[in-house]
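Shown below: data_9.cif, with mmCIF, C-alpha atoms.
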```cif
data_start
loop_
_atom_site.label_atom_id
_atom_site.label_comp_id
_atom_site.auth_asym_id
_atom_site.auth_seq_id
_atom_site.Cartn_x
_atom_site.Cartn_y
_atom_site.Cartn_z
CA MET A 2 -199.69 66.52 -137.87
CA ARG A 3 -200.59 63.76 -135.40
CA GLN A 4 -197.70 61.50 -134.44
CA VAL A 5 -197.50 57.83 -133.55
CA GLY A 6 -194.10 56.78 -132.24
CA ILE A 7 -192.55 53.34 -132.33
CA PHE A 8 -190.35 52.79 -129.27
CA GLY A 9 -188.23 49.84 -128.18
CA LYS A 10 -184.72 48.56 -127.79
CA ARG A 11 -182.40 48.12 -130.74
CA LYS A 12 -183.26 45.00 -132.75
CA SER A 13 -186.77 44.83 -131.24
CA GLY A 14 -188.41 45.12 -134.66
CA LYS A 15 -189.25 48.84 -134.77
CA SER A 16 -188.37 49.40 -138.43
CA ALA A 17 -189.91 46.10 -139.51
CA LEU A 18 -193.14 47.05 -137.74
CA MET A 19 -193.16 50.45 -139.43
CA TYR A 20 -192.72 48.76 -142.80
CA ALA A 21 -195.51 46.29 -142.00
CA LEU A 22 -197.87 49.06 -140.91
CA THR A 23 -197.18 51.21 -143.96
CA ARG A 24 -196.48 48.35 -146.37
CA TYR A 25 -193.56 50.39 -147.69
CA LYS A 26 -189.84 49.73 -147.34
CA TYR A 27 -187.56 52.71 -146.94
CA LEU A 28 -184.17 53.10 -148.52
CA ASN A 29 -183.22 56.24 -146.60
CA GLU A 30 -182.53 57.14 -143.01
CA THR A 31 -185.38 59.55 -142.31
CA LYS A 32 -187.45 56.98 -140.39
CA TYR A 33 -190.67 58.93 -140.90
CA SER A 34 -193.77 58.03 -142.83
CA SER A 35 -196.89 60.13 -143.14
CA MET A 36 -200.21 58.71 -144.15
CA GLU A 37 -203.84 59.71 -144.33
CA ILE A 38 -206.21 57.66 -142.19
CA SER A 39 -209.92 57.91 -142.86
CA GLY A 40 -211.71 59.56 -139.95
CA VAL A 41 -208.44 60.45 -138.23
CA GLY A 42 -206.63 62.65 -140.75
CA LYS A 43 -202.93 62.94 -141.45
CA MET A 44 -200.66 60.97 -139.20
CA MET A 45 -196.90 60.62 -139.02
CA LEU A 46 -195.42 57.30 -137.96
CA VAL A 47 -192.07 57.91 -136.23
CA ASP A 48 -189.47 55.13 -135.98
CA THR A 49 -187.36 56.23 -133.00
CA VAL A 50 -183.79 55.24 -132.21
CA GLY A 51 -183.47 52.42 -129.67
CA VAL A 52 -184.41 53.36 -126.11
CA ASP A 53 -181.32 51.42 -124.98
CA VAL A 54 -178.97 53.80 -126.80
CA GLU A 55 -177.04 56.12 -124.50
CA LYS A 56 -178.20 59.73 -124.90
CA SER A 57 -181.11 58.47 -126.96
CA THR A 58 -182.92 60.97 -129.17
CA ALA A 59 -186.06 58.95 -128.45
CA GLU A 60 -186.72 61.27 -125.47
CA LYS A 61 -186.89 64.30 -127.77
CA SER A 62 -189.19 62.40 -130.15
CA ALA A 63 -191.41 61.37 -127.23
CA GLU A 64 -192.44 64.94 -126.49
CA SER A 65 -194.66 65.22 -129.57
CA ILE A 66 -196.04 61.66 -129.67
CA GLU A 67 -199.78 61.19 -129.26
CA VAL A 68 -199.82 57.39 -129.40
CA ALA A 69 -196.74 55.36 -128.45
CA LEU A 70 -196.16 51.79 -129.53
CA MET A 71 -193.80 50.20 -126.98
CA LEU A 72 -192.22 47.11 -128.49
CA ILE A 73 -191.34 44.33 -126.06
CA PRO A 74 -189.38 41.50 -127.72
CA ASN A 75 -188.50 39.38 -124.66
CA ASP A 76 -189.08 38.86 -120.94
CA SER A 77 -186.39 41.35 -119.93
CA PHE A 78 -188.58 44.44 -120.12
CA GLU A 79 -187.58 46.68 -117.19
CA LEU A 80 -186.30 49.40 -119.54
CA GLU A 81 -189.53 49.32 -121.55
CA MET A 82 -191.56 49.74 -118.32
CA ALA A 83 -189.47 52.79 -117.40
CA TRP A 84 -190.18 54.23 -120.85
CA ILE A 85 -193.89 53.50 -120.50
CA SER A 86 -193.83 55.58 -117.32
CA LYS A 87 -192.03 58.45 -119.12
CA LEU A 88 -194.44 58.33 -122.05
CA ARG A 89 -197.47 58.33 -119.74
CA LYS A 90 -196.13 61.43 -117.97
CA LEU A 91 -195.85 63.13 -121.36
CA GLY A 92 -199.52 62.32 -122.01
CA ALA A 93 -199.08 59.68 -124.71
CA SER A 94 -201.55 56.87 -125.10
CA ILE A 95 -199.49 53.66 -124.80
CA ILE A 96 -199.99 50.46 -126.77
CA ALA A 97 -197.81 47.59 -125.56
CA VAL A 98 -196.68 45.44 -128.48
CA ILE A 99 -195.15 42.00 -128.11
CA SER A 100 -192.92 42.14 -131.17
CA GLN A 101 -191.54 39.23 -133.14
CA SER A 102 -194.32 37.02 -131.73
CA ASP A 103 -193.52 34.34 -134.30
CA LYS A 104 -190.36 33.59 -132.30
CA PHE A 105 -192.38 32.47 -129.25
CA SER A 106 -193.83 28.96 -129.01
CA ASP A 107 -197.09 30.42 -127.66
CA GLY A 108 -197.13 33.42 -130.03
CA GLY A 109 -196.09 35.78 -127.20
CA LYS A 110 -199.19 35.19 -125.04
CA SER A 111 -197.32 34.46 -121.80
CA LEU A 112 -195.13 37.54 -122.29
CA ALA A 113 -198.26 39.61 -122.97
CA ALA A 114 -199.74 38.34 -119.68
CA ALA A 115 -196.55 39.26 -117.80
CA VAL A 116 -196.54 42.75 -119.33
CA ASN A 117 -200.19 43.18 -118.38
CA GLU A 118 -199.49 42.12 -114.81
CA VAL A 119 -196.65 44.64 -114.43
CA SER A 120 -198.07 47.58 -116.41
CA GLY A 121 -201.83 47.09 -116.57
CA LEU A 122 -201.59 47.29 -120.36
CA GLY A 123 -203.13 44.63 -122.55
CA ALA A 124 -200.44 43.83 -125.09
CA ILE A 125 -200.99 43.06 -128.76
CA CYS A 126 -198.82 40.25 -130.15
CA VAL A 127 -197.48 41.02 -133.62
CA SER A 128 -195.13 39.53 -136.16
CA SER A 129 -193.93 41.76 -138.97
CA GLU A 130 -192.62 38.59 -140.60
CA THR A 131 -195.94 36.72 -140.77
CA GLY A 132 -198.34 39.67 -140.52
CA GLU A 133 -199.93 38.28 -137.36
CA GLY A 134 -201.55 41.02 -135.26
CA ILE A 135 -200.74 43.85 -137.71
CA GLU A 136 -204.38 44.53 -138.58
CA GLU A 137 -205.39 44.42 -134.90
CA LEU A 138 -202.62 46.89 -134.06
CA HIS A 139 -203.59 49.16 -136.96
CA GLU A 140 -207.20 49.20 -135.70
CA GLU A 141 -206.07 49.97 -132.14
CA ILE A 142 -203.95 52.90 -133.37
CA ILE A 143 -206.95 54.30 -135.22
CA ARG A 144 -209.16 53.81 -132.15
CA ARG A 145 -206.67 55.64 -129.91
CA LEU A 146 -206.26 58.51 -132.35
CA SER A 147 -210.02 58.79 -132.77
CA GLU A 148 -210.52 58.87 -128.99
CA SER A 149 -207.94 61.57 -128.45
CA LYS A 150 -209.39 63.62 -131.32
CA GLU A 151 -212.75 63.66 -129.55
CA GLU A 152 -211.30 64.91 -126.25
#
```
Do you think you could lay out the structure here as structure tokens?
Amino acid sequence: MRQVGIFGKRKSGKSALMYALTRYKYLNETKYSSMEISGVGKMMLVDTVGVDVEKSTAEKSAESIEVALMLIPNDSFELEMAWISKLRKLGASIIAVISQSDKFSDGGKSLAAAVNEVSGLGAICVSSETGEGIEELHEEIIRRLSESKEE
């Protein structure tokens, strides 16, 4: 099954984003959701443990991820950039996500520009709270999975 991983620091909005993408709230600790996407097939969305946790199991999860969503909640994103490098080396397609964009006066646009400058990735600003950017992110995930399926 194809896997999309959600990576980021603790409290960056990983679980909330998973809920927003699947429109389903979990009451257990499995942190996995599988869904069927038209034209792409079965996909598993993996909510990883925070990348800032010592001896993080996120590294083990990263090995099987096809598309990685790297959540960036603030302008202190050195750790996220290191993880982007790791994920690229593992062959994952990276989508930078400015999470909790509703907390920024400009909706996260200046942070997205800074992330782009450092990483070369165009970031998508999302708010799980308001739903802003969720559809755009969903479409980008499908596009990335479709591209990699064709290769």
Spatial neighbours of Ser86 (chain A), 12 Å, only C-alpha atoms, chain gap at least 3 places, as a ChimeraX atom specification: /A:63,69,71,79-83,89-95,119-122
Run the PyMOL selection byres ((chain A and resi 76) around 10) against the file shown and list the residues it catches, as a list in words.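 Checked against the file, the PyMOL selection byres ((chain A and resi 76) around 10) matches Ile73, Pro74, Asn75, Ser77, Phe78, Glu79, Ile99, Gly109, Ser111, Leu112, Ala113, Ala115 and Val116 of chain A.
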Could you write out the selected residues, including C-alpha atoms, as a PDB file, in the frame of the given file?
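part.pdb, freshly written:
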```
ATOM      1  CA  ILE A  73    -191.340  44.330-126.060  1.00  0.00           C
ATOM      2  CA  PRO A  74    -189.380  41.500-127.720  1.00  0.00           C
ATOM      3  CA  ASN A  75    -188.500  39.380-124.660  1.00  0.00           C
ATOM      4  CA  SER A  77    -186.390  41.350-119.930  1.00  0.00           C
ATOM      5  CA  PHE A  78    -188.580  44.440-120.120  1.00  0.00           C
ATOM      6  CA  GLU A  79    -187.580  46.680-117.190  1.00  0.00           C
ATOM      7  CA  ILE A  99    -195.150  42.000-128.110  1.00  0.00           C
ATOM      8  CA  GLY A 109    -196.090  35.780-127.200  1.00  0.00           C
ATOM      9  CA  SER A 111    -197.320  34.460-121.800  1.00  0.00           C
ATOM     10  CA  LEU A 112    -195.130  37.540-122.290  1.00  0.00           C
ATOM     11  CA  ALA A 113    -198.260  39.610-122.970  1.00  0.00           C
ATOM     12  CA  ALA A 115    -196.550  39.260-117.800  1.00  0.00           C
ATOM     13  CA  VAL A 116    -196.540  42.750-119.330  1.00  0.00           C
TER      14      VAL A 116
END
```
Calculate how many Å separate CA of Ile96 (chain A) from CA of Ala124 (chain A), rounding to one decimal.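 Taking CA of Ile96 (chain A) as the start and CA of Ala124 (chain A) as the end point, the length is 6.9 Å.
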Edge lengths and centre in Å to one decimal, as AutoDock Vina command-line options, is what I'm after for the box along x, y and z that holds all listed atoms of region 60-73 of chain A once 4 Å is added on each side.
```
--center_x -193.3 --center_y 54.8 --center_z -127.8 --size_x 21.1 --size_y 28.9 --size_z 12.7
```
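Near region 127-135 of chain A, within 9 Å and counting only C-alpha atoms, sit Gly14, Ala17, Leu18, Met19, Tyr20, Ala21, Leu22, Val98, Ile99, Ser100, Gln101, Ser102, Asp103, Lys104, Gly108, Gly109 and Glu140 of chain A, not including residues fewer than 5 positions from it in the same chain.
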Proximity of region 103-151 of chain A to region 42-52 of chain A: per-residue shortest pair, 12 Å limit, all atoms listed in the file, as a tab-separated table:
```
residue	atom	partner	partner_atom	distance
A:His139	CA	A:Leu46	CA	11.6
A:Ile142	CA	A:Met44	CA	10.5
A:Ile143	CA	A:Met44	CA	10.0
A:Leu146	CA	A:Met44	CA	9.2
A:Ser147	CA	A:Gly42	CA	9.5
A:Lys150	CA	A:Gly42	CA	9.9
```
One decimal place gives the CA of Ile125 (chain A)-CA of Glu137 (chain A) separation as 7.7 Å
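Pairwise distance (CA of Ser65 (chain A), CA of Glu136 (chain A)) equals 24.6 Å.
The shortest atom-to-atom distance to Asn117 (chain A), with all atoms listed in the file taken into account, belongs to A:Ala97 out of A:Val54, A:Ala97, A:Ile7, A:Ala59.
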